[in-house]
Amino acid sequence: MESKQNSDCSNEGTTLGRRKMLILYGSETGNSEESASDVERMARRLRFQTLLEEMNDVELTDLLRYSLVVFVVSTTGQGDLPKNARKFWKNLLRKRLPPNCLRQVKFTTFGLGDSSYYQFNWAARKLHKRLEQLGAVEFLPRGEADERHEDG
Ligand SMILES: Cc1cc2nc3c(=O)[nH]c(=O)nc-3n(C[C@H](O)[C@H](O)[C@H](O)COP(=O)(O)O)c2cc1C
């Protein structure tokens with residue numbers, strides 16, 4: 001990753017990349033990671049420069065360097081984020097983050113889940129909501145995959 005010195009979401013010293021897509025995944029058993037790789041392949045065909053990373057491997061300021069950010073995240077436990085996304089999620093929940101600090105970020109989320117759980121796709125839903133609370137702007141509606149779907 002580029003600079004990770006600044007861990008809040010201040011925009012100082014950053015530049016917004018052009019046609020650069022950051023694809024982040026949170027995955028417990030590999031399904032979201034695989035789906036994130038599919039997204040990356042499609043984005044490259046559309047001539048985006050891409051970077052694929054685990055959610056925990058980026059700081060909030062890193063989001064500001066990309067024209068689009070795509071999150072692919074599964075739900076685990078009882079509506080929880082996967083382990084490799086929890087540090088990122090904790091950062092996102094910090095109370096001292098300035099309101100609208102992610103207003104430059106255009107994002108979408110794609111959730112993987114199983115509709116037999118009451119907490120169906122909660123990880124992607126709460127992530128999406130929190131990003132919007134911080135001012136990030138959805139560029140595509142949230143997508144939800146269901147393991148129970150007849151097409152798998
Ligand atoms: C222990 C466990 C708990 C799960 N909890 C949920 C849940 O609360 N909500 C949901 O929608 N799916 C739940 N799932 C289904 C997973 O989200 C689904 O299998 C997903 O494809 C896993 O993706 P991953 O391999 O990227 O972690 C759970 C699966 C397991 C094994």
# chains A, B, ... in the order shown; residues from 1 in each chain; ligands from 1
call {"tool": "residues_around", "arguments": {"residues": "Glu33 (chain A)", "least_positions_apart": "5", "cutoff": "9 Å", "atoms": "only C-alpha atoms", "output": "number ranges by chain"}}
result
A: 24-28, 38, 54, 72-73
call {"tool": "write_last_selection", "arguments": {"atoms": "C-alpha atoms", "output": "CSV table (one decimal), in the first residue's frame"}}
result
chain,number,residue,atom,x,y,z
A,24,LEU,CA,-11.2,-5.0,-0.4
A,25,TYR,CA,-12.4,-8.3,1.0
A,26,GLY,CA,-13.3,-9.8,4.4
A,27,SER,CA,-13.4,-13.5,4.2
A,28,GLU,CA,-13.4,-16.4,6.7
A,38,ASP,CA,-13.6,-12.0,-9.9
A,54,GLU,CA,-7.7,-7.8,2.8
A,72,VAL,CA,-16.7,-7.8,-0.8
A,73,VAL,CA,-17.5,-9.2,2.7
call {"tool": "residues_near_ligand", "arguments": {"ligand": "ligand 1", "cutoff": "10 Å", "atoms": "only C-alpha atoms and all ligand atoms", "output": "ChimeraX atom specification"}}
result
/A:25-36,72-84,111-124,144-148,152
call {"tool": "select_by_dssp", "arguments": {"residues": "chain A", "states": "strand (DSSP E or B)", "output": "ChimeraX atom specification"}}
result
/A:20-26,49-54,68-74,76,80,106-113,137-138,143-146
call {"tool": "atom_distance", "arguments": {"atom1": "CA of Gln49 (chain A)", "atom2": "CA of Leu63 (chain A)"}}
result
14.2 Å
call {"tool": "select_by_dssp", "arguments": {"residues": "chain A", "states": "alpha helix (DSSP H)", "output": "PyMOL selection string"}}
result
chain A and resi 31-45+60-63+83-92+122-133
call {"tool": "atom_distance", "arguments": {"atom1": "CA of Pro141 (chain A)", "atom2": "CA of Phe107 (chain A)"}}
result
9.3 Å
call {"tool": "residues_around", "arguments": {"residues": "region 90-101 of chain A", "least_positions_apart": "6", "cutoff": "12 Å", "atoms": "only C-alpha atoms", "output": "VMD selection string"}}
result
chain A and resid 7 to 12 55 to 61 63 to 64 80 to 81 83 to 84 126 to 137
